[in-house]
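One file, work_14.cif, is given below (mmCIF, C-alpha atoms; chains and numbers go by the auth columns).
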```cif
data_target
loop_
_atom_site.group_PDB
_atom_site.id
_atom_site.type_symbol
_atom_site.label_atom_id
_atom_site.label_comp_id
_atom_site.label_asym_id
_atom_site.label_seq_id
_atom_site.Cartn_x
_atom_site.Cartn_y
_atom_site.Cartn_z
_atom_site.B_iso_or_equiv
_atom_site.auth_seq_id
_atom_site.auth_asym_id
ATOM 1 C CA MET A 1 85.229 109.485 85.070 0.00 1 A
ATOM 2 C CA GLN A 2 87.883 108.257 87.485 0.00 2 A
ATOM 3 C CA ARG A 3 88.822 110.357 90.512 0.00 3 A
ATOM 4 C CA LEU A 4 92.497 111.263 90.671 0.00 4 A
ATOM 5 C CA LEU A 5 94.362 112.841 93.568 0.00 5 A
ATOM 6 C CA ILE A 6 97.630 114.615 92.809 0.00 6 A
ATOM 7 C CA LEU A 7 100.067 115.190 95.679 0.00 7 A
ATOM 8 C CA ILE A 8 102.311 118.234 95.532 0.00 8 A
ATOM 9 C CA THR A 9 105.031 118.008 98.156 0.00 9 A
ATOM 10 C CA LYS A 10 107.899 120.230 97.012 0.00 10 A
ATOM 11 C CA ARG A 11 108.428 123.934 97.486 0.00 11 A
ATOM 12 C CA PRO A 12 107.983 126.038 94.348 0.00 12 A
ATOM 13 C CA TYR A 13 111.544 126.918 93.337 0.00 13 A
ATOM 14 C CA HIS A 14 113.272 123.831 94.725 0.00 14 A
ATOM 15 C CA SER A 15 113.743 122.577 91.165 0.00 15 A
ATOM 16 C CA ILE A 16 111.814 122.571 87.920 0.00 16 A
ATOM 17 C CA ALA A 17 109.846 119.614 89.306 0.00 17 A
ATOM 18 C CA SER A 18 107.187 121.932 90.704 0.00 18 A
ATOM 19 C CA GLN A 19 106.663 123.692 87.403 0.00 19 A
ATOM 20 C CA GLU A 20 106.430 120.353 85.613 0.00 20 A
ATOM 21 C CA GLY A 21 104.032 119.174 88.327 0.00 21 A
ATOM 22 C CA LEU A 22 101.612 121.953 87.491 0.00 22 A
ATOM 23 C CA ASP A 23 101.778 120.823 83.848 0.00 23 A
ATOM 24 C CA VAL A 24 100.682 117.355 84.978 0.00 24 A
ATOM 25 C CA ILE A 25 97.679 118.762 86.835 0.00 25 A
ATOM 26 C CA LEU A 26 96.610 120.719 83.749 0.00 26 A
ATOM 27 C CA ALA A 27 96.954 117.646 81.511 0.00 27 A
ATOM 28 C CA ALA A 28 95.233 115.385 84.050 0.00 28 A
ATOM 29 C CA SER A 29 92.220 117.666 84.238 0.00 29 A
ATOM 30 C CA VAL A 30 91.281 116.588 80.715 0.00 30 A
ATOM 31 C CA PHE A 31 91.206 112.888 81.591 0.00 31 A
ATOM 32 C CA ALA A 32 90.032 112.622 85.182 0.00 32 A
ATOM 33 C CA GLU A 33 88.170 114.355 87.976 0.00 33 A
ATOM 34 C CA CYS A 34 91.201 115.842 89.702 0.00 34 A
ATOM 35 C CA SER A 35 91.817 117.055 93.216 0.00 35 A
ATOM 36 C CA VAL A 36 95.133 118.327 94.548 0.00 36 A
ATOM 37 C CA LEU A 37 96.632 117.793 98.000 0.00 37 A
ATOM 38 C CA PHE A 38 99.458 120.142 98.987 0.00 38 A
ATOM 39 C CA LEU A 39 101.582 118.468 101.627 0.00 39 A
ATOM 40 C CA SER A 40 104.680 119.480 103.546 0.00 40 A
ATOM 41 C CA ASP A 41 106.629 122.262 101.750 0.00 41 A
ATOM 42 C CA GLY A 42 104.193 121.913 98.836 0.00 42 A
ATOM 43 C CA ILE A 43 101.931 124.370 100.646 0.00 43 A
ATOM 44 C CA LEU A 44 104.421 127.114 99.734 0.00 44 A
ATOM 45 C CA GLN A 45 103.345 126.760 96.099 0.00 45 A
ATOM 46 C CA LEU A 46 100.177 128.629 97.013 0.00 46 A
ATOM 47 C CA LEU A 47 101.734 131.746 98.507 0.00 47 A
ATOM 48 C CA PRO A 48 100.348 134.730 96.602 0.00 48 A
ATOM 49 C CA ASP A 49 102.445 137.602 95.232 0.00 49 A
ATOM 50 C CA GLN A 50 105.635 135.629 94.672 0.00 50 A
ATOM 51 C CA LYS A 51 108.366 137.735 93.129 0.00 51 A
ATOM 52 C CA ALA A 52 110.714 135.139 91.688 0.00 52 A
ATOM 53 C CA ASN A 53 111.166 137.310 88.593 0.00 53 A
ATOM 54 C CA ASP A 54 113.703 139.254 90.648 0.00 54 A
ATOM 55 C CA THR A 55 115.856 136.124 90.607 0.00 55 A
ATOM 56 C CA LYS A 56 115.319 135.562 86.853 0.00 56 A
ATOM 57 C CA ILE A 57 112.984 132.635 87.484 0.00 57 A
ATOM 58 C CA LYS A 58 109.580 132.397 85.831 0.00 58 A
ATOM 59 C CA VAL A 59 106.738 132.852 88.326 0.00 59 A
ATOM 60 C CA PHE A 60 104.813 129.759 87.267 0.00 60 A
ATOM 61 C CA THR A 61 102.743 129.579 90.467 0.00 61 A
ATOM 62 C CA ARG A 62 100.264 132.070 89.032 0.00 62 A
ATOM 63 C CA GLY A 63 99.156 129.147 86.887 0.00 63 A
ATOM 64 C CA TYR A 64 97.518 127.566 89.954 0.00 64 A
ATOM 65 C CA ALA A 65 94.894 130.289 89.902 0.00 65 A
ATOM 66 C CA ALA A 66 93.763 129.001 86.484 0.00 66 A
ATOM 67 C CA LEU A 67 93.059 125.464 87.712 0.00 67 A
ATOM 68 C CA PRO A 68 89.357 126.071 88.485 0.00 68 A
ATOM 69 C CA ASP A 69 88.954 127.069 84.819 0.00 69 A
ATOM 70 C CA TYR A 70 90.192 123.579 83.950 0.00 70 A
ATOM 71 C CA GLY A 71 87.604 121.973 86.197 0.00 71 A
ATOM 72 C CA VAL A 72 90.013 121.329 89.079 0.00 72 A
ATOM 73 C CA GLU A 73 88.126 122.683 92.043 0.00 73 A
ATOM 74 C CA ARG A 74 89.036 120.657 95.125 0.00 74 A
ATOM 75 C CA PHE A 75 92.256 121.550 96.910 0.00 75 A
ATOM 76 C CA TYR A 76 93.457 120.291 100.251 0.00 76 A
ATOM 77 C CA CYS A 77 96.291 120.972 102.668 0.00 77 A
ATOM 78 C CA GLN A 78 97.302 119.784 106.121 0.00 78 A
ATOM 79 C CA SER A 79 96.710 121.947 109.176 0.00 79 A
ATOM 80 C CA SER A 80 100.109 121.086 110.688 0.00 80 A
ATOM 81 C CA ASP A 81 101.878 122.368 107.541 0.00 81 A
ATOM 82 C CA LEU A 82 99.963 125.646 107.799 0.00 82 A
ATOM 83 C CA GLU A 83 101.033 125.952 111.442 0.00 83 A
ATOM 84 C CA LYS A 84 104.658 125.207 110.592 0.00 84 A
ATOM 85 C CA TRP A 85 104.769 128.169 108.226 0.00 85 A
ATOM 86 C CA SER A 86 102.363 130.367 110.251 0.00 86 A
ATOM 87 C CA LEU A 87 99.952 130.451 107.329 0.00 87 A
ATOM 88 C CA ASP A 88 96.186 130.660 107.125 0.00 88 A
ATOM 89 C CA ASN A 89 94.554 128.718 104.307 0.00 89 A
ATOM 90 C CA LYS A 90 92.387 131.759 103.528 0.00 90 A
ATOM 91 C CA MET A 91 95.492 133.758 102.593 0.00 91 A
ATOM 92 C CA LEU A 92 96.650 131.201 100.029 0.00 92 A
ATOM 93 C CA LEU A 93 95.873 130.870 96.331 0.00 93 A
ATOM 94 C CA LEU A 94 92.874 128.551 95.783 0.00 94 A
ATOM 95 C CA GLU A 95 92.082 128.613 99.539 0.00 95 A
ATOM 96 C CA PRO A 96 92.708 124.875 100.081 0.00 96 A
ATOM 97 C CA ILE A 97 90.595 122.995 102.612 0.00 97 A
ATOM 98 C CA SER A 98 92.653 122.439 105.761 0.00 98 A
ATOM 99 C CA LEU A 99 92.603 118.847 107.034 0.00 99 A
ATOM 100 C CA LEU A 100 93.895 117.366 110.258 0.00 100 A
ATOM 101 C CA PRO A 101 96.832 114.967 109.814 0.00 101 A
ATOM 102 C CA SER A 102 94.485 112.128 110.787 0.00 102 A
ATOM 103 C CA GLU A 103 92.196 113.028 107.869 0.00 103 A
ATOM 104 C CA ILE A 104 94.906 112.780 105.186 0.00 104 A
ATOM 105 C CA ASN A 105 95.028 109.011 104.929 0.00 105 A
ATOM 106 C CA PRO A 106 91.235 108.589 104.544 0.00 106 A
ATOM 107 C CA LEU A 107 91.273 111.328 101.896 0.00 107 A
ATOM 108 C CA ILE A 108 93.976 109.576 99.871 0.00 108 A
ATOM 109 C CA ARG A 109 92.195 106.235 100.153 0.00 109 A
ATOM 110 C CA SER A 110 88.951 107.727 98.846 0.00 110 A
ATOM 111 C CA PHE A 111 90.399 108.260 95.342 0.00 111 A
ATOM 112 C CA ASP A 112 90.624 105.784 92.454 0.00 112 A
ATOM 113 C CA LYS A 113 94.173 106.798 91.574 0.00 113 A
ATOM 114 C CA VAL A 114 96.885 108.840 93.296 0.00 114 A
ATOM 115 C CA LEU A 115 99.876 110.483 91.661 0.00 115 A
ATOM 116 C CA ASN A 116 102.680 111.715 93.902 0.00 116 A
ATOM 117 C CA LEU A 117 104.781 114.406 92.225 0.00 117 A
ATOM 118 C CA MET B 1 98.188 92.871 87.314 0.00 118 B
ATOM 119 C CA LYS B 2 98.829 95.678 84.862 0.00 119 B
ATOM 120 C CA PHE B 3 101.286 98.323 86.124 0.00 120 B
ATOM 121 C CA MET B 4 101.964 101.842 84.929 0.00 121 B
ATOM 122 C CA LEU B 5 105.315 103.231 86.034 0.00 122 B
ATOM 123 C CA ALA B 6 105.995 106.961 86.312 0.00 123 B
ATOM 124 C CA VAL B 7 109.716 107.621 86.737 0.00 124 B
ATOM 125 C CA LEU B 8 110.634 111.152 87.816 0.00 125 B
ATOM 126 C CA GLY B 9 114.099 111.015 89.374 0.00 126 B
ATOM 127 C CA ASP B 10 117.232 112.029 87.474 0.00 127 B
ATOM 128 C CA PRO B 11 119.423 108.938 86.815 0.00 128 B
ATOM 129 C CA LEU B 12 122.584 110.654 88.116 0.00 129 B
ATOM 130 C CA ASN B 13 121.073 112.383 91.142 0.00 130 B
ATOM 131 C CA SER B 14 118.541 109.905 92.441 0.00 131 B
ATOM 132 C CA GLN B 15 117.760 106.230 92.865 0.00 132 B
ATOM 133 C CA GLY B 16 114.485 106.643 90.950 0.00 133 B
ATOM 134 C CA PRO B 17 115.345 105.078 87.573 0.00 134 B
ATOM 135 C CA ILE B 18 117.319 102.132 88.979 0.00 135 B
ATOM 136 C CA THR B 19 114.678 101.370 91.628 0.00 136 B
ATOM 137 C CA ALA B 20 112.001 101.556 88.937 0.00 137 B
ATOM 138 C CA TYR B 21 114.042 99.170 86.787 0.00 138 B
ATOM 139 C CA ARG B 22 114.361 96.658 89.618 0.00 139 B
ATOM 140 C CA PHE B 23 110.636 96.949 90.312 0.00 140 B
ATOM 141 C CA ALA B 24 109.808 96.380 86.636 0.00 141 B
ATOM 142 C CA GLU B 25 112.142 93.387 86.430 0.00 142 B
ATOM 143 C CA ALA B 26 110.570 91.837 89.535 0.00 143 B
ATOM 144 C CA ALA B 27 107.037 92.552 88.332 0.00 144 B
ATOM 145 C CA VAL B 28 107.623 90.969 84.937 0.00 145 B
ATOM 146 C CA SER B 29 109.272 87.878 86.408 0.00 146 B
ATOM 147 C CA ALA B 30 106.292 87.508 88.758 0.00 147 B
ATOM 148 C CA GLY B 31 103.972 87.376 85.735 0.00 148 B
ATOM 149 C CA HIS B 32 102.664 90.946 85.815 0.00 149 B
ATOM 150 C CA THR B 33 102.598 93.252 82.810 0.00 150 B
ATOM 151 C CA ILE B 34 103.947 96.790 82.485 0.00 151 B
ATOM 152 C CA HIS B 35 101.566 98.906 80.432 0.00 152 B
ATOM 153 C CA ARG B 36 104.065 101.711 79.928 0.00 153 B
ATOM 154 C CA VAL B 37 107.060 103.330 81.604 0.00 154 B
ATOM 155 C CA PHE B 38 106.716 107.085 81.463 0.00 155 B
ATOM 156 C CA PHE B 39 109.909 109.050 82.055 0.00 156 B
ATOM 157 C CA TYR B 40 109.149 112.537 83.285 0.00 157 B
ATOM 158 C CA GLN B 41 111.147 115.429 84.732 0.00 158 B
ATOM 159 C CA GLY B 42 114.851 114.539 85.237 0.00 159 B
ATOM 160 C CA ALA B 43 114.214 110.872 84.447 0.00 160 B
ATOM 161 C CA VAL B 44 114.091 111.641 80.714 0.00 161 B
ATOM 162 C CA LEU B 45 117.906 111.690 80.885 0.00 162 B
ATOM 163 C CA VAL B 46 117.732 107.887 80.984 0.00 163 B
ATOM 164 C CA ALA B 47 116.839 108.197 77.289 0.00 164 B
ATOM 165 C CA ASN B 48 119.890 110.353 76.473 0.00 165 B
ATOM 166 C CA ASP B 49 121.792 108.638 73.666 0.00 166 B
ATOM 167 C CA LEU B 50 124.650 111.151 73.855 0.00 167 B
ATOM 168 C CA ALA B 51 125.720 110.177 77.375 0.00 168 B
ATOM 169 C CA GLU B 52 128.525 107.642 77.751 0.00 169 B
ATOM 170 C CA PRO B 53 129.098 106.158 81.212 0.00 170 B
ATOM 171 C CA PRO B 54 132.594 104.832 81.978 0.00 171 B
ATOM 172 C CA GLN B 55 133.095 101.244 80.812 0.00 172 B
ATOM 173 C CA ASP B 56 133.184 99.813 84.326 0.00 173 B
ATOM 174 C CA GLU B 57 129.839 101.347 85.262 0.00 174 B
ATOM 175 C CA ILE B 58 126.403 99.945 84.561 0.00 175 B
ATOM 176 C CA SER B 59 124.404 101.813 81.928 0.00 176 B
ATOM 177 C CA ILE B 60 120.874 102.349 83.230 0.00 177 B
ATOM 178 C CA THR B 61 119.853 103.148 79.655 0.00 178 B
ATOM 179 C CA GLU B 62 121.001 99.722 78.449 0.00 179 B
ATOM 180 C CA LEU B 63 119.294 97.972 81.358 0.00 180 B
ATOM 181 C CA TRP B 64 115.974 99.531 80.382 0.00 181 B
ATOM 182 C CA GLN B 65 116.524 98.824 76.694 0.00 182 B
ATOM 183 C CA HIS B 66 117.090 95.125 77.310 0.00 183 B
ATOM 184 C CA LEU B 67 114.205 94.706 79.731 0.00 184 B
ATOM 185 C CA ALA B 68 111.855 96.551 77.388 0.00 185 B
ATOM 186 C CA SER B 69 112.816 94.666 74.244 0.00 186 B
ATOM 187 C CA GLU B 70 112.584 91.270 75.937 0.00 187 B
ATOM 188 C CA ASN B 71 109.165 92.001 77.426 0.00 188 B
ATOM 189 C CA SER B 72 107.619 94.399 74.883 0.00 189 B
ATOM 190 C CA ILE B 73 107.466 97.288 77.345 0.00 190 B
ATOM 191 C CA GLU B 74 106.870 100.780 76.012 0.00 191 B
ATOM 192 C CA LEU B 75 109.465 103.300 77.196 0.00 192 B
ATOM 193 C CA MET B 76 108.192 106.846 76.750 0.00 193 B
ATOM 194 C CA ALA B 77 109.892 110.163 77.525 0.00 194 B
ATOM 195 C CA CYS B 78 107.763 113.254 78.059 0.00 195 B
ATOM 196 C CA ILE B 79 108.232 115.695 75.192 0.00 196 B
ATOM 197 C CA ALA B 80 108.243 118.830 77.368 0.00 197 B
ATOM 198 C CA SER B 81 110.721 117.443 79.918 0.00 198 B
ATOM 199 C CA ALA B 82 112.877 115.940 77.152 0.00 199 B
ATOM 200 C CA SER B 83 113.058 119.125 75.089 0.00 200 B
ATOM 201 C CA ARG B 84 114.181 121.068 78.152 0.00 201 B
ATOM 202 C CA ARG B 85 117.017 118.580 78.634 0.00 202 B
ATOM 203 C CA GLY B 86 118.195 118.124 75.065 0.00 203 B
ATOM 204 C CA ILE B 87 116.522 114.802 74.244 0.00 204 B
ATOM 205 C CA PHE B 88 115.039 114.864 70.731 0.00 205 B
ATOM 206 C CA ASP B 89 113.793 112.199 68.362 0.00 206 B
ATOM 207 C CA GLU B 90 114.263 112.604 64.595 0.00 207 B
ATOM 208 C CA ASP B 91 111.178 114.802 64.220 0.00 208 B
ATOM 209 C CA GLY B 92 112.093 116.954 67.218 0.00 209 B
ATOM 210 C CA ALA B 93 115.660 117.483 66.022 0.00 210 B
ATOM 211 C CA VAL B 94 114.337 118.743 62.695 0.00 211 B
ATOM 212 C CA ARG B 95 111.606 120.880 64.280 0.00 212 B
ATOM 213 C CA TYR B 96 113.953 122.598 66.732 0.00 213 B
ATOM 214 C CA GLU B 97 116.869 122.686 64.275 0.00 214 B
ATOM 215 C CA LYS B 98 119.166 120.591 66.470 0.00 215 B
ATOM 216 C CA PRO B 99 122.346 119.032 65.025 0.00 216 B
ATOM 217 C CA THR B 100 121.269 115.488 65.871 0.00 217 B
ATOM 218 C CA CYS B 101 118.607 113.196 67.200 0.00 218 B
ATOM 219 C CA SER B 102 119.580 112.361 70.784 0.00 219 B
ATOM 220 C CA ILE B 103 117.079 109.777 72.008 0.00 220 B
ATOM 221 C CA SER B 104 118.293 106.228 72.629 0.00 221 B
ATOM 222 C CA SER B 105 116.816 103.403 70.605 0.00 222 B
ATOM 223 C CA GLY B 106 113.908 101.715 72.331 0.00 223 B
ATOM 224 C CA PHE B 107 112.591 104.983 73.730 0.00 224 B
ATOM 225 C CA ILE B 108 109.854 107.099 72.171 0.00 225 B
ATOM 226 C CA ILE B 109 108.693 110.644 72.791 0.00 226 B
ATOM 227 C CA GLY B 110 105.156 111.164 74.109 0.00 227 B
ATOM 228 C CA GLY B 111 102.972 113.627 75.937 0.00 228 B
ATOM 229 C CA LEU B 112 101.373 113.953 79.346 0.00 229 B
ATOM 230 C CA GLY B 113 98.156 112.637 77.814 0.00 230 B
ATOM 231 C CA GLN B 114 99.853 109.262 77.540 0.00 231 B
ATOM 232 C CA LEU B 115 100.913 109.448 81.179 0.00 232 B
ATOM 233 C CA MET B 116 97.288 110.008 82.102 0.00 233 B
ATOM 234 C CA GLU B 117 95.995 107.310 79.757 0.00 234 B
ATOM 235 C CA GLY B 118 98.376 104.864 81.393 0.00 235 B
ATOM 236 C CA ILE B 119 97.327 105.845 84.903 0.00 236 B
ATOM 237 C CA LEU B 120 93.653 105.384 84.063 0.00 237 B
ATOM 238 C CA VAL B 121 94.085 102.082 82.193 0.00 238 B
ATOM 239 C CA ALA B 122 96.496 100.363 84.600 0.00 239 B
ATOM 240 C CA ASP B 123 95.451 98.552 87.767 0.00 240 B
ATOM 241 C CA ARG B 124 98.229 100.264 89.705 0.00 241 B
ATOM 242 C CA THR B 125 100.472 103.252 89.072 0.00 242 B
ATOM 243 C CA VAL B 126 103.793 103.356 90.849 0.00 243 B
ATOM 244 C CA THR B 127 105.807 106.583 90.983 0.00 244 B
ATOM 245 C CA PHE B 128 109.581 106.623 91.371 0.00 245 B
ATOM 246 C CA GLY B 129 110.467 110.113 92.543 0.00 246 B
ATOM 247 C CA SER B 130 113.633 112.084 92.893 0.00 247 B
#
```

Target format structure tokens, applied to this file:
Amino acid sequence: MQRLLILITKRPYHSIASQEGLDVILAASVFAECSVLFLSDGILQLLPDQKANDTKIKVFTRGYAALPDYGVERFYCQSSDLEKWSLDNKMLLLEPISLLPSEINPLIRSFDKVLNL
Amino acid sequence: MKFMLAVLGDPLNSQGPITAYRFAEAAVSAGHTIHRVFFYQGAVLVANDLAEPPQDEISITELWQHLASENSIELMACIASASRRGIFDEDGAVRYEKPTCSISSGFIIGGLGQLMEGILVADRTVTFGS
């Protein structure tokens, strides 16, 4: 089975792109061994207890918690993005592995295919 | 080389579809093949048959139609993204009780499984974002 890395780079309610990105991860999990890298504002997807319902928007980010059930078990983020938002990876959904910026490129290169959403 | 193109950007709010078109045109003229062009997210609006650009503007839909028919390239719009944005083929229009089919000729409706199949089969996947 090929190894696929999916990059999530947008914040959750920026547009419907994030919601449709999660759909791609779910579909991809059937076909490939998937890992997900949350970069830049994408890290905000993993904030727990989001209350977007108050703004009449569906809280789709809960769907991330189901990814391990689909066999998607490796999640990564960048330490500098955590620092920017004063976040700790242990407080986020899925507890992504925090990588140094210098480790991102080798990670991406280690996969067969990369999809940037 | 066999390319898979994933086009995400809305044709009216991004450069994605036109950049993807220029890439595809260059790839084909250099002897490469395009396995499939998958229109996802806002890019499905490229397949909107009900849009009518002013006569002195280039129709990105027509550009894709010509390139695809001349080079046997499959143009596929994601069913979930398309339904959200009012793009239906004959079956979809009946299923959702819409007054008309709204997908341009030369485009077909498909699912994310076909995006993945293309990514896994192609030598390279190139994404054209928003």

> How would you write, as a ChimeraX atom specification, the residues chosen by the PyMOL selection byres ((chain A) within 10 of (chain B)) on this structure?
Replying inline: /A:1-4,15-21,23-32,112-117

Nearby residues (all atoms listed in the file) at most 10 Å from Asn188 (chain B), same-chain spacing under 4 positions excluded, as a short mmCIF file (atom, residue, chain, number, x, y, z; two decimals) with C-alpha atoms, keeping the file's coordinate frame:
```cif
data_model
loop_
_atom_site.label_atom_id
_atom_site.label_comp_id
_atom_site.auth_asym_id
_atom_site.auth_seq_id
_atom_site.Cartn_x
_atom_site.Cartn_y
_atom_site.Cartn_z
CA GLU B 142 112.14 93.39 86.43
CA VAL B 145 107.62 90.97 84.94
CA SER B 146 109.27 87.88 86.41
CA THR B 150 102.60 93.25 82.81
CA ILE B 151 103.95 96.79 82.48
CA HIS B 183 117.09 95.12 77.31
CA LEU B 184 114.20 94.71 79.73
#
```

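Comparing B:Ser219, B:Ile196, B:Arg153, B:Gly209 by their smallest distance to Ala168 (chain B), the closest is B:Ser219 (using only C-alpha atoms).
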
>> What would the selection look like, as an NGL selection string, if the PyMOL selection byres ((chain A and resi 90-106) around 12) were run on the coordinates I just shared?
In response: :A and (5 or 7 or 35-40 or 42-50 or 61-69 or 72-83 or 85-89 or 107-111 or 114)

Output the selection as a compact mmCIF listing (two decimals), in the coordinates of the input - C-alpha atoms for each residue.
```
# COMPACT_ATOMS: atom_id res chain seq x y z
CA LEU A 5 94.36 112.84 93.57
CA LEU A 7 100.07 115.19 95.68
CA SER A 35 91.82 117.06 93.22
CA VAL A 36 95.13 118.33 94.55
CA LEU A 37 96.63 117.79 98.00
CA PHE A 38 99.46 120.14 98.99
CA LEU A 39 101.58 118.47 101.63
CA SER A 40 104.68 119.48 103.55
CA GLY A 42 104.19 121.91 98.84
CA ILE A 43 101.93 124.37 100.65
CA LEU A 44 104.42 127.11 99.73
CA GLN A 45 103.34 126.76 96.10
CA LEU A 46 100.18 128.63 97.01
CA LEU A 47 101.73 131.75 98.51
CA PRO A 48 100.35 134.73 96.60
CA ASP A 49 102.44 137.60 95.23
CA GLN A 50 105.64 135.63 94.67
CA THR A 61 102.74 129.58 90.47
CA ARG A 62 100.26 132.07 89.03
CA GLY A 63 99.16 129.15 86.89
CA TYR A 64 97.52 127.57 89.95
CA ALA A 65 94.89 130.29 89.90
CA ALA A 66 93.76 129.00 86.48
CA LEU A 67 93.06 125.46 87.71
CA PRO A 68 89.36 126.07 88.48
CA ASP A 69 88.95 127.07 84.82
CA VAL A 72 90.01 121.33 89.08
CA GLU A 73 88.13 122.68 92.04
CA ARG A 74 89.04 120.66 95.12
CA PHE A 75 92.26 121.55 96.91
CA TYR A 76 93.46 120.29 100.25
CA CYS A 77 96.29 120.97 102.67
CA GLN A 78 97.30 119.78 106.12
CA SER A 79 96.71 121.95 109.18
CA SER A 80 100.11 121.09 110.69
CA ASP A 81 101.88 122.37 107.54
CA LEU A 82 99.96 125.65 107.80
CA GLU A 83 101.03 125.95 111.44
CA TRP A 85 104.77 128.17 108.23
CA SER A 86 102.36 130.37 110.25
CA LEU A 87 99.95 130.45 107.33
CA ASP A 88 96.19 130.66 107.12
CA ASN A 89 94.55 128.72 104.31
CA LEU A 107 91.27 111.33 101.90
CA ILE A 108 93.98 109.58 99.87
CA ARG A 109 92.20 106.24 100.15
CA SER A 110 88.95 107.73 98.85
CA PHE A 111 90.40 108.26 95.34
CA VAL A 114 96.88 108.84 93.30
```

Hey, can I get the axis-aligned box for region 25-43 of chain A? All listed atoms, 6 Å padding on each side, centre and edge lengths in Å to one decimal, as lines of an AutoDock Vina configuration file.
```
center_x = 97.4
center_y = 118.5
center_z = 92.1
size_x = 30.5
size_y = 23.7
size_z = 34.8
```

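The interatomic distance for the pair CA of Ala137 (chain B) and CA of Ile175 (chain B) works out to 15.1 Å.
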
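One distance worth recording is that between CA of Gly133 (chain B) and CA of Lys215 (chain B), which is 28.6 Å.
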